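Scroll down for the structure; my scribbles are underneath it.
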Amino acid sequence: MADLSVKIAGMEFNNPLIAASGTFGFGREYGEFYPLEKLGGISCKGITLKRRDGNPVPRVAETPSGMLNAVGLQNPGVDVFIKEDLPWLKQQNTVVIANIAGNTPEEYCEMAEKLSDTDIDMIEMNISDRKSVV
């Protein structure tokens, strides 16, 4: 079999296939149907400093050209992620990337600091719905 491994920012991935943040959640649901260790990595759904309930429903709308969504980064918060989701993810034998979202540079720094004390492999900054973080 061909060697598909890649190195990104010094991190070795078994292959270049990384589950996209947001759409893959924290991987538990997909792990029931597919061995996550076959992925090069998992970029988790966006996490924020504190729990976020997201936008009220409806949050998804089908269009003739595809789908629109405005989930609103619903998530349990970084502390719950570290305590409940990260240990399970680290058992999946793949690279784990935490996707962090915040409203201020200080929030991003606080989350990155908390995550740096864990065995997370990488951190990805989510600035998709920020007006300005600089």
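We name chains A, B, ... following the order of the structure tokens; residues begin at 1 in each chain, and ligands are numbered from 1 as shown.
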- Running DSSP on the backbone, which parts of stretch 9-67 of chain A land in strand (DSSP E), as a list in words? Met11, Glu12, Phe13, Ile18, Ala19, Gly41, Ile42, Ser43, Val60, Ala61, Glu62, Thr63, Gly66 and Met67 of chain A
At most 12 Å is the cut-off: for each residue in stretch 6-36 of chain A with any atom that close to an atom of stretch 111-124 of chain A, write down the nearest atom pair and the distance in Å rounded to one decimal, counting only C-alpha atoms, chain first then increasing number, as CSV.
```
residue,atom,partner,partner_atom,distance
A:Ile8,CA,A:Met122,CA,10.0
A:Ala9,CA,A:Met122,CA,9.1
A:Gly10,CA,A:Met122,CA,10.1
A:Met11,CA,A:Asp121,CA,7.7
A:Glu12,CA,A:Asp121,CA,9.9
A:Phe13,CA,A:Asp121,CA,10.5
A:Ala20,CA,A:Glu124,CA,11.2
A:Ser21,CA,A:Glu124,CA,9.3
```
File dump, residues just selected, N, CA and C atoms, as a tab-separated table (two decimals), in the first residue's frame:
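Result went into selection39.tsv, see below:
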```tsv
chain	number	residue	atom	x	y	z
A	8	ILE	N	2.20	18.30	8.55
A	8	ILE	CA	1.65	19.66	8.53
A	8	ILE	C	2.06	20.34	9.81
A	9	ALA	N	2.76	21.45	9.69
A	9	ALA	CA	3.23	22.21	10.85
A	9	ALA	C	3.95	21.31	11.86
A	10	GLY	N	4.74	20.37	11.35
A	10	GLY	CA	5.49	19.49	12.21
A	10	GLY	C	4.74	18.29	12.75
A	11	MET	N	3.45	18.20	12.47
A	11	MET	CA	2.62	17.10	12.95
A	11	MET	C	2.48	16.06	11.85
A	12	GLU	N	2.74	14.80	12.18
A	12	GLU	CA	2.65	13.70	11.22
A	12	GLU	C	1.21	13.17	11.19
A	13	PHE	N	0.63	13.13	9.99
A	13	PHE	CA	-0.70	12.58	9.76
A	13	PHE	C	-0.53	11.29	8.95
A	20	ALA	N	-13.69	17.61	8.54
A	20	ALA	CA	-13.85	19.06	8.66
A	20	ALA	C	-14.52	19.46	9.97
A	21	SER	N	-14.05	20.57	10.52
A	21	SER	CA	-14.66	21.09	11.75
A	21	SER	C	-16.12	21.45	11.50
```
- Query: Near stretch 99-104 of chain A, within 7 Å and counting only C-alpha atoms, which residues show up once chain neighbours fewer than 2 positions away are dropped, as number ranges by chain?
  - Reply: A: 21, 43-48, 97, 106-108, 123-127, 130, 133
- Which distance in Å separates atom CA of A:Pro87 and atom CA of A:Gly25, to one decimal?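 About the pair atom CA of A:Pro87 and atom CA of A:Gly25: they are 15.0 Å apart.
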- Task: Please provide the set of residues having any atom within 10 Å of A:Asn69, restricted to only C-alpha atoms, with same-chain residues fewer than 4 positions apart removed, written as a list in words.
- Result: Pro58, Arg59, Val60, Ala61 and Glu62 of chain A
- Task: Extract the full set of helix (DSSP H, G or I) residues from chain A according to DSSP on the backbone, and format it as a PyMOL selection string.
- Result: chain A and resi 28-31+36-38+78-90+105-116
- Task: Report the distance between atom CA of A:Gly40 and atom CA of A:Asn14 in Å, rounded to one decimal place.
- Result: 5.0 Å
